[in-house]
Every structure is written in C-alpha cells, then in structure tokens.
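Visitor: Just so it is clear, I am handing over work-v3.txt, which has compact mmCIF, N, CA and C atoms.
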```txt
# COMPACT_ATOMS: atom_id res chain seq x y z
N MET U 12 -47.86 -98.62 131.78
CA MET U 12 -46.91 -99.65 131.40
C MET U 12 -45.50 -99.21 131.77
N LYS U 13 -44.74 -100.16 132.23
CA LYS U 13 -43.36 -99.86 132.58
C LYS U 13 -42.50 -99.79 131.32
N LYS U 14 -41.34 -99.16 131.45
CA LYS U 14 -40.47 -98.98 130.28
C LYS U 14 -40.05 -100.30 129.66
N ARG U 15 -39.81 -101.30 130.50
CA ARG U 15 -39.37 -102.59 129.97
C ARG U 15 -40.49 -103.33 129.22
N GLN U 16 -41.71 -102.82 129.33
CA GLN U 16 -42.84 -103.44 128.65
C GLN U 16 -43.20 -102.73 127.34
N ARG U 17 -42.32 -101.86 126.87
CA ARG U 17 -42.59 -101.11 125.65
C ARG U 17 -41.68 -101.53 124.52
N VAL U 18 -42.22 -101.57 123.32
CA VAL U 18 -41.42 -101.74 122.11
C VAL U 18 -41.16 -100.32 121.63
N LYS U 19 -39.91 -99.88 121.62
CA LYS U 19 -39.60 -98.51 121.27
C LYS U 19 -38.73 -98.37 120.02
N LYS U 20 -37.81 -99.30 119.84
CA LYS U 20 -36.85 -99.16 118.75
C LYS U 20 -37.45 -99.58 117.42
N ASN U 21 -37.05 -98.88 116.37
CA ASN U 21 -37.55 -99.17 115.03
C ASN U 21 -37.20 -100.61 114.62
N ASP U 22 -36.02 -101.09 114.98
CA ASP U 22 -35.63 -102.46 114.65
C ASP U 22 -36.60 -103.48 115.24
N ASP U 23 -37.01 -103.23 116.49
CA ASP U 23 -37.95 -104.14 117.14
C ASP U 23 -39.31 -104.12 116.44
N PHE U 24 -39.77 -102.93 116.06
CA PHE U 24 -41.03 -102.82 115.32
C PHE U 24 -40.92 -103.60 114.00
N GLN U 25 -39.81 -103.41 113.29
CA GLN U 25 -39.65 -104.06 111.99
C GLN U 25 -39.61 -105.58 112.11
N LYS U 26 -38.97 -106.09 113.17
CA LYS U 26 -38.95 -107.55 113.39
C LYS U 26 -40.36 -108.09 113.59
N VAL U 27 -41.16 -107.38 114.38
CA VAL U 27 -42.54 -107.82 114.62
C VAL U 27 -43.34 -107.77 113.33
N PHE U 28 -43.15 -106.71 112.53
CA PHE U 28 -43.88 -106.60 111.26
C PHE U 28 -43.49 -107.70 110.28
N LYS U 29 -42.19 -107.99 110.18
CA LYS U 29 -41.71 -108.93 109.17
C LYS U 29 -41.86 -110.39 109.58
N LYS U 30 -41.58 -110.71 110.83
CA LYS U 30 -41.59 -112.10 111.27
C LYS U 30 -42.85 -112.50 112.01
N GLY U 31 -43.62 -111.53 112.46
CA GLY U 31 -44.80 -111.82 113.27
C GLY U 31 -46.04 -112.09 112.43
N LYS U 32 -47.13 -112.34 113.14
CA LYS U 32 -48.42 -112.55 112.51
C LYS U 32 -49.31 -111.36 112.82
N SER U 33 -50.31 -111.14 111.97
CA SER U 33 -51.20 -110.00 112.22
C SER U 33 -52.66 -110.43 112.13
N PHE U 34 -53.46 -109.76 112.93
CA PHE U 34 -54.90 -109.94 112.92
C PHE U 34 -55.52 -108.56 113.05
N ALA U 35 -56.72 -108.40 112.50
CA ALA U 35 -57.31 -107.06 112.49
C ALA U 35 -58.83 -107.12 112.61
N ASN U 36 -59.37 -106.01 113.09
CA ASN U 36 -60.80 -105.74 112.95
C ASN U 36 -60.89 -104.32 112.38
N ARG U 37 -62.04 -103.71 112.43
CA ARG U 37 -62.17 -102.39 111.80
C ARG U 37 -61.38 -101.30 112.51
N GLN U 38 -61.17 -101.45 113.82
CA GLN U 38 -60.54 -100.39 114.59
C GLN U 38 -59.05 -100.57 114.81
N PHE U 39 -58.57 -101.81 114.87
CA PHE U 39 -57.17 -102.06 115.23
C PHE U 39 -56.56 -103.18 114.40
N VAL U 40 -55.25 -103.09 114.21
CA VAL U 40 -54.45 -104.18 113.66
C VAL U 40 -53.46 -104.56 114.76
N VAL U 41 -53.37 -105.85 115.06
CA VAL U 41 -52.44 -106.32 116.08
C VAL U 41 -51.45 -107.25 115.42
N TYR U 42 -50.17 -106.90 115.53
CA TYR U 42 -49.09 -107.77 115.11
C TYR U 42 -48.49 -108.37 116.38
N PHE U 43 -48.11 -109.65 116.33
CA PHE U 43 -47.45 -110.23 117.48
C PHE U 43 -46.36 -111.19 117.04
N LEU U 44 -45.34 -111.30 117.87
CA LEU U 44 -44.20 -112.16 117.59
C LEU U 44 -43.80 -112.84 118.89
N VAL U 45 -43.66 -114.16 118.83
CA VAL U 45 -43.24 -114.92 120.01
C VAL U 45 -41.76 -114.70 120.23
N LYS U 46 -41.39 -114.34 121.45
CA LYS U 46 -39.99 -114.11 121.82
C LYS U 46 -39.63 -115.11 122.91
N GLU U 47 -38.86 -116.13 122.54
CA GLU U 47 -38.46 -117.16 123.50
C GLU U 47 -37.56 -116.56 124.58
N GLY U 48 -37.78 -116.96 125.81
CA GLY U 48 -36.95 -116.50 126.91
C GLY U 48 -37.34 -115.15 127.46
N GLN U 49 -38.38 -114.56 126.93
CA GLN U 49 -38.84 -113.25 127.42
C GLN U 49 -39.92 -113.51 128.47
N THR U 50 -39.76 -112.93 129.66
CA THR U 50 -40.70 -113.23 130.75
C THR U 50 -41.93 -112.33 130.74
N GLU U 51 -41.82 -111.11 130.19
CA GLU U 51 -42.94 -110.18 130.13
C GLU U 51 -43.25 -109.84 128.68
N PHE U 52 -44.51 -109.55 128.42
CA PHE U 52 -44.86 -109.10 127.08
C PHE U 52 -44.45 -107.64 126.93
N ARG U 53 -44.24 -107.22 125.67
CA ARG U 53 -43.94 -105.82 125.37
C ARG U 53 -44.95 -105.34 124.34
N VAL U 54 -45.30 -104.06 124.43
CA VAL U 54 -46.31 -103.49 123.55
C VAL U 54 -45.76 -102.24 122.88
N GLY U 55 -45.97 -102.13 121.58
CA GLY U 55 -45.66 -100.92 120.83
C GLY U 55 -46.94 -100.39 120.22
N LEU U 56 -47.08 -99.08 120.20
CA LEU U 56 -48.29 -98.45 119.66
C LEU U 56 -47.95 -97.62 118.44
N SER U 57 -48.87 -97.62 117.49
CA SER U 57 -48.73 -96.79 116.31
C SER U 57 -50.07 -96.13 116.03
N VAL U 58 -50.08 -94.80 116.13
CA VAL U 58 -51.29 -94.03 115.85
C VAL U 58 -50.91 -92.96 114.83
N SER U 59 -51.44 -93.08 113.63
CA SER U 59 -51.08 -92.20 112.52
C SER U 59 -51.63 -90.80 112.68
N LYS U 60 -50.98 -89.85 112.03
CA LYS U 60 -51.47 -88.47 112.00
C LYS U 60 -52.80 -88.37 111.26
N LYS U 61 -53.12 -89.37 110.46
CA LYS U 61 -54.39 -89.38 109.73
C LYS U 61 -55.58 -89.50 110.68
N LEU U 62 -55.34 -89.99 111.91
CA LEU U 62 -56.43 -90.15 112.87
C LEU U 62 -56.94 -88.84 113.41
N GLY U 63 -56.07 -87.84 113.46
CA GLY U 63 -56.52 -86.55 113.97
C GLY U 63 -55.36 -85.76 114.54
N ASN U 64 -55.71 -84.72 115.30
CA ASN U 64 -54.66 -83.88 115.87
C ASN U 64 -53.99 -84.58 117.05
N ALA U 65 -53.02 -83.93 117.66
CA ALA U 65 -52.23 -84.54 118.73
C ALA U 65 -53.10 -84.94 119.91
N VAL U 66 -54.09 -84.13 120.22
CA VAL U 66 -54.97 -84.43 121.35
C VAL U 66 -55.70 -85.75 121.11
N THR U 67 -56.24 -85.92 119.93
CA THR U 67 -56.97 -87.14 119.58
C THR U 67 -56.04 -88.35 119.59
N ARG U 68 -54.88 -88.22 118.98
CA ARG U 68 -53.93 -89.34 118.93
C ARG U 68 -53.48 -89.75 120.33
N ASN U 69 -53.17 -88.78 121.18
CA ASN U 69 -52.75 -89.10 122.53
C ASN U 69 -53.87 -89.74 123.34
N GLN U 70 -55.08 -89.31 123.11
CA GLN U 70 -56.22 -89.92 123.81
C GLN U 70 -56.38 -91.38 123.40
N VAL U 71 -56.27 -91.66 122.11
CA VAL U 71 -56.36 -93.04 121.63
C VAL U 71 -55.25 -93.89 122.26
N LYS U 72 -54.03 -93.35 122.31
CA LYS U 72 -52.92 -94.09 122.92
C LYS U 72 -53.16 -94.35 124.40
N ARG U 73 -53.69 -93.36 125.11
CA ARG U 73 -53.99 -93.55 126.53
C ARG U 73 -55.03 -94.65 126.72
N TYR U 74 -56.06 -94.65 125.89
CA TYR U 74 -57.10 -95.67 125.98
C TYR U 74 -56.52 -97.06 125.71
N ILE U 75 -55.66 -97.17 124.71
CA ILE U 75 -55.05 -98.46 124.39
C ILE U 75 -54.17 -98.92 125.55
N ARG U 76 -53.34 -98.02 126.09
CA ARG U 76 -52.46 -98.39 127.21
C ARG U 76 -53.26 -98.86 128.42
N GLN U 77 -54.33 -98.14 128.74
CA GLN U 77 -55.15 -98.53 129.89
C GLN U 77 -55.85 -99.86 129.64
N SER U 78 -56.29 -100.11 128.41
CA SER U 78 -56.92 -101.39 128.08
C SER U 78 -55.93 -102.53 128.24
N ILE U 79 -54.71 -102.33 127.75
CA ILE U 79 -53.67 -103.36 127.88
C ILE U 79 -53.35 -103.57 129.36
N HIS U 80 -53.30 -102.50 130.14
CA HIS U 80 -53.04 -102.61 131.57
C HIS U 80 -54.10 -103.47 132.25
N GLU U 81 -55.36 -103.29 131.87
CA GLU U 81 -56.44 -104.07 132.47
C GLU U 81 -56.47 -105.51 131.96
N LEU U 82 -55.95 -105.74 130.77
CA LEU U 82 -55.95 -107.09 130.18
C LEU U 82 -54.63 -107.83 130.38
N LYS U 83 -53.68 -107.22 131.10
CA LYS U 83 -52.33 -107.78 131.17
C LYS U 83 -52.27 -109.20 131.72
N ASP U 84 -53.17 -109.55 132.62
CA ASP U 84 -53.15 -110.90 133.20
C ASP U 84 -53.63 -111.95 132.20
N ASP U 85 -54.37 -111.53 131.18
CA ASP U 85 -54.91 -112.46 130.19
C ASP U 85 -54.01 -112.63 128.96
N LEU U 86 -53.02 -111.75 128.79
CA LEU U 86 -52.14 -111.82 127.62
C LEU U 86 -50.99 -112.78 127.85
N LYS U 87 -50.60 -113.46 126.79
CA LYS U 87 -49.46 -114.37 126.88
C LYS U 87 -48.18 -113.57 127.11
N PRO U 88 -47.32 -114.01 128.03
CA PRO U 88 -46.18 -113.18 128.46
C PRO U 88 -44.98 -113.16 127.51
N ASN U 89 -44.76 -114.18 126.72
CA ASN U 89 -43.53 -114.25 125.92
C ASN U 89 -43.72 -113.70 124.51
N MET U 90 -44.35 -112.52 124.41
CA MET U 90 -44.69 -111.95 123.11
C MET U 90 -44.32 -110.48 123.03
N ASP U 91 -44.09 -110.02 121.80
CA ASP U 91 -44.04 -108.60 121.48
C ASP U 91 -45.30 -108.29 120.67
N TYR U 92 -46.02 -107.25 121.07
CA TYR U 92 -47.23 -106.84 120.37
C TYR U 92 -47.03 -105.45 119.79
N VAL U 93 -47.54 -105.24 118.59
CA VAL U 93 -47.59 -103.90 118.01
C VAL U 93 -49.05 -103.67 117.64
N ILE U 94 -49.63 -102.60 118.19
CA ILE U 94 -51.03 -102.28 117.96
C ILE U 94 -51.10 -101.02 117.11
N ILE U 95 -51.79 -101.14 115.99
CA ILE U 95 -51.96 -100.01 115.08
C ILE U 95 -53.43 -99.61 115.12
N ALA U 96 -53.67 -98.34 115.42
CA ALA U 96 -55.04 -97.83 115.47
C ALA U 96 -55.49 -97.40 114.08
N ARG U 97 -56.69 -97.80 113.72
CA ARG U 97 -57.29 -97.36 112.46
C ARG U 97 -58.23 -96.19 112.73
N HIS U 98 -58.71 -95.58 111.67
CA HIS U 98 -59.48 -94.34 111.78
C HIS U 98 -60.69 -94.42 112.71
N PRO U 99 -61.51 -95.47 112.70
CA PRO U 99 -62.69 -95.47 113.60
C PRO U 99 -62.33 -95.37 115.09
N ALA U 100 -61.11 -95.72 115.47
CA ALA U 100 -60.71 -95.67 116.87
C ALA U 100 -60.70 -94.25 117.41
N ALA U 101 -60.58 -93.26 116.55
CA ALA U 101 -60.51 -91.86 116.98
C ALA U 101 -61.81 -91.38 117.60
N THR U 102 -62.92 -91.99 117.25
CA THR U 102 -64.22 -91.52 117.75
C THR U 102 -64.77 -92.42 118.85
N MET U 103 -64.00 -93.38 119.30
CA MET U 103 -64.49 -94.34 120.30
C MET U 103 -64.16 -93.87 121.72
N ASP U 104 -65.01 -94.28 122.68
CA ASP U 104 -64.69 -94.02 124.08
C ASP U 104 -63.88 -95.20 124.63
N PHE U 105 -63.46 -95.09 125.90
CA PHE U 105 -62.56 -96.10 126.47
C PHE U 105 -63.14 -97.50 126.43
N HIS U 106 -64.41 -97.64 126.80
CA HIS U 106 -65.01 -98.98 126.88
C HIS U 106 -65.11 -99.63 125.49
N GLU U 107 -65.38 -98.82 124.48
CA GLU U 107 -65.42 -99.35 123.12
C GLU U 107 -64.03 -99.78 122.66
N VAL U 108 -63.01 -98.99 123.01
CA VAL U 108 -61.63 -99.34 122.66
C VAL U 108 -61.24 -100.65 123.30
N LYS U 109 -61.53 -100.79 124.59
CA LYS U 109 -61.19 -102.02 125.31
C LYS U 109 -61.90 -103.22 124.71
N GLN U 110 -63.18 -103.07 124.41
CA GLN U 110 -63.96 -104.16 123.84
C GLN U 110 -63.41 -104.57 122.47
N SER U 111 -63.06 -103.59 121.66
CA SER U 111 -62.53 -103.86 120.33
C SER U 111 -61.16 -104.54 120.41
N LEU U 112 -60.31 -104.09 121.34
CA LEU U 112 -59.00 -104.73 121.52
C LEU U 112 -59.16 -106.16 121.99
N GLN U 113 -60.07 -106.40 122.93
CA GLN U 113 -60.32 -107.77 123.38
C GLN U 113 -60.75 -108.64 122.20
N HIS U 114 -61.61 -108.10 121.36
CA HIS U 114 -62.09 -108.84 120.20
C HIS U 114 -60.95 -109.26 119.29
N VAL U 115 -60.09 -108.32 118.92
CA VAL U 115 -59.01 -108.65 117.99
C VAL U 115 -57.97 -109.56 118.66
N LEU U 116 -57.75 -109.42 119.96
CA LEU U 116 -56.80 -110.30 120.66
C LEU U 116 -57.35 -111.72 120.77
N ARG U 117 -58.66 -111.84 120.91
CA ARG U 117 -59.27 -113.18 120.92
C ARG U 117 -59.16 -113.84 119.54
N ILE U 118 -59.37 -113.05 118.50
CA ILE U 118 -59.23 -113.58 117.14
C ILE U 118 -57.81 -114.10 116.94
N ALA U 119 -56.83 -113.35 117.45
CA ALA U 119 -55.42 -113.72 117.30
C ALA U 119 -55.03 -114.88 118.21
N LYS U 120 -55.91 -115.23 119.15
CA LYS U 120 -55.66 -116.32 120.11
C LYS U 120 -54.39 -116.09 120.94
N VAL U 121 -54.22 -114.85 121.40
CA VAL U 121 -53.07 -114.54 122.25
C VAL U 121 -53.48 -114.25 123.69
N MET U 122 -54.77 -114.43 123.97
CA MET U 122 -55.24 -114.27 125.34
C MET U 122 -55.30 -115.63 126.02
N LYS U 123 -54.91 -115.70 127.28
CA LYS U 123 -54.92 -116.96 128.01
C LYS U 123 -56.34 -117.48 128.18
N LYS U 124 -57.24 -116.60 128.62
CA LYS U 124 -58.63 -116.97 128.83
C LYS U 124 -59.45 -116.55 127.62
N VAL U 125 -60.27 -117.45 127.14
CA VAL U 125 -61.09 -117.11 125.97
C VAL U 125 -62.53 -116.94 126.37
```
Please rewrite the model in this file as structure tokens.
Guide:
Amino acid sequence: MKKRQRVKKNDDFQKVFKKGKSFANRQFVVYFLVKEGQTEFRVGLSVSKKLGNAVTRNQVKRYIRQSIHELKDDLKPNMDYVIIARHPAATMDFHEVKQSLQHVLRIAKVMKKV
C-alpha cells in the first residue's frame, strides 16, 4: 500500500471509530467511514500485543495488507477503513486471512462486487 492509502494519525483513527460503522466476525473488526471527495480508500491496521510477539503481529499485518492489495479493485474508493485483528487471526495462514476479510467486508457491504 502506498503512503497516501494509510490511516496513520490518531485523530483519523478516532474519527473512524466515533463516526464510522463497524462490522465483525470472529477474526476481524472492520470500521469504515465515508469520506466525501476522497478518490482513494485508506486503510489503518490495529494488531494488539495480546495476539503474540512482534513476529506474529507483523505477519498478521503483512497478510492483511496483501489481502487488501488483492481486493483493492472491489473496495469502495471514498472510504477510510480501520481493521482490528482479533486473537484467532494469529494462527491463520494467508488464504484464511483473505477469506475472513472478504467475509466481513461483504457483511459490511463495502465491496463493489458481491
């Protein structure tokens, strides 16, 4: 993901948490907020220390980033997304992570193709 496609600032995270909507499954919670006039979607990731050591957390983040990269054409562009990984995500492989993210994004109805 490019830098302009990331939610990095705490204020931006807080806006998405407070004003956005959330949907969840067992592995992930997805918050999203519609941003008028924004041409590209932005993604913020949150992986708690409760999930495991740094190696595990970074692996989960890499899997999520790659899944979003592969799903980027299906996501609505004028949104900010914040993805929070839950504990079961630490033991999943890439294909399971991608499948689970697709599931929660479909529930949230933020994918163009259903």
Visitor: Kindly indicate which residue among U:Gln70, U:Lys123, U:Thr50, U:Val41 lies nearest to Ile94 (chain U), using only C-alpha atoms for the distances.
Guide: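 Ranked by minimum distance to Ile94 (chain U), first place goes to U:Val41.
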Visitor: Find the residues near Leu62 (chain U): any atom within 8 Å, counting all atoms listed in the file, skip ones fewer than 5 places away on the same chain, and give them as a list in words.
Guide: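 So the residues in contact are Thr67, Arg68, Ala96, Arg97, His98, Pro99, Ala100, Ala101 and Thr102 of chain U.
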Visitor: How many Å lie between atom C of Pro88 (chain U) and atom N of Phe105 (chain U), rounded to one decimal?
Guide: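 According to the coordinates, atom C of Pro88 (chain U) and atom N of Phe105 (chain U) are separated by 25.9 Å.
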Visitor: Quick one: residues within 8 Å of region 72-76 of chain U, all atoms listed in the file counted, chain neighbours fewer than 4 positions away excluded, as an MDAnalysis selection string?
Guide: chainID U and resid 12 56:58 66:68 80:82 104:106 108:109 112
Visitor: Taking 6 positions as the minimum chain separation for residues in the same chain, which residues sit within 6.5 Å of Val115 (chain U) when counting all atoms listed in the file? Answer as a list in words.
Guide: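 Everything that qualifies: Phe34, Ala35 and Asn36 of chain U.
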Visitor: At a cut-off of 7 Å, using all atoms listed in the file, what residues contact region 26-28 of chain U? Leave out same-chain residues fewer than 5 positions from it and give the result as a PyMOL selection string.
Guide: chain U and resi 21+42-44+91+93
Visitor: For the structure I just gave you, how does DSSP split chain U - specifically, which residues are alpha helix (DSSP H)? Reply as a PyMOL selection string.
Guide: chain U and resi 21-30+65-82+105-119
Visitor: Would you mind listing what lies within 5 Å of Val54 (chain U) as a PDB file with N, CA and C atoms, in the coordinates of the input, with all atoms listed in the file counted and same-chain residues fewer than 2 positions away left out?
Guide:
```pdb
ATOM      1  N   GLN U  16     -41.710-102.820 129.330  1.00  0.00           N
ATOM      2  CA  GLN U  16     -42.840-103.440 128.650  1.00  0.00           C
ATOM      3  C   GLN U  16     -43.200-102.730 127.340  1.00  0.00           C
ATOM      4  N   ARG U  17     -42.320-101.860 126.870  1.00  0.00           N
ATOM      5  CA  ARG U  17     -42.590-101.110 125.650  1.00  0.00           C
ATOM      6  C   ARG U  17     -41.680-101.530 124.520  1.00  0.00           C
ATOM      7  N   VAL U  18     -42.220-101.570 123.320  1.00  0.00           N
ATOM      8  CA  VAL U  18     -41.420-101.740 122.110  1.00  0.00           C
ATOM      9  C   VAL U  18     -41.160-100.320 121.630  1.00  0.00           C
ATOM     10  N   PHE U  52     -44.510-109.550 128.420  1.00  0.00           N
ATOM     11  CA  PHE U  52     -44.860-109.100 127.080  1.00  0.00           C
ATOM     12  C   PHE U  52     -44.450-107.640 126.930  1.00  0.00           C
ATOM     13  N   LEU U  56     -47.080 -99.080 120.200  1.00  0.00           N
ATOM     14  CA  LEU U  56     -48.290 -98.450 119.660  1.00  0.00           C
ATOM     15  C   LEU U  56     -47.950 -97.620 118.440  1.00  0.00           C
ATOM     16  N   TYR U  92     -46.020-107.250 121.070  1.00  0.00           N
ATOM     17  CA  TYR U  92     -47.230-106.840 120.370  1.00  0.00           C
ATOM     18  C   TYR U  92     -47.030-105.450 119.790  1.00  0.00           C
TER      19      TYR U  92
END
```
Visitor: Separation of atom C of Ala65 (chain U) and atom C of Asp22 (chain U), in Å?
Guide: 25.3 Å
Visitor: Find, counting all atoms listed in the file, the residue in U:Ile95, U:Leu116, U:Leu86, U:Ile79 that gets nearest to Phe39 (chain U).
Guide: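 Among the listed residues, the smallest separation from Phe39 (chain U) belongs to U:Ile95.
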Visitor: I'd like to know which residues of chain U are strand (DSSP E or B) (by DSSP, run on the backbone); could you write them as number ranges by chain?
Guide: U: 17, 32-35, 39-45, 53-58, 86, 90-96, 122
Visitor: For atom N of Arg37 (chain U) and atom C of Lys13 (chain U), quote the distance in Å rounded to one decimal.
Guide: 27.5 Å
Visitor: Edge lengths and centre, in Å to one decimal, as AutoDock Vina command-line options: that's what I need for the box along x, y and z that holds all listed atoms of region 40-57 of chain U plus 5 Å on each side.
Guide:
```
--center_x -46.1 --center_y -106.6 --center_z 122.2 --size_x 28.3 --size_y 31.0 --size_z 27.1
```
Visitor: From the set U:Met90, U:Lys83, U:Gly48, U:Asn64, which residue has the shortest atom-to-atom contact distance to Asp23 (chain U), counting only C-alpha atoms?
Guide: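 Of the candidates, the smallest distance to Asp23 (chain U) is held by U:Met90.
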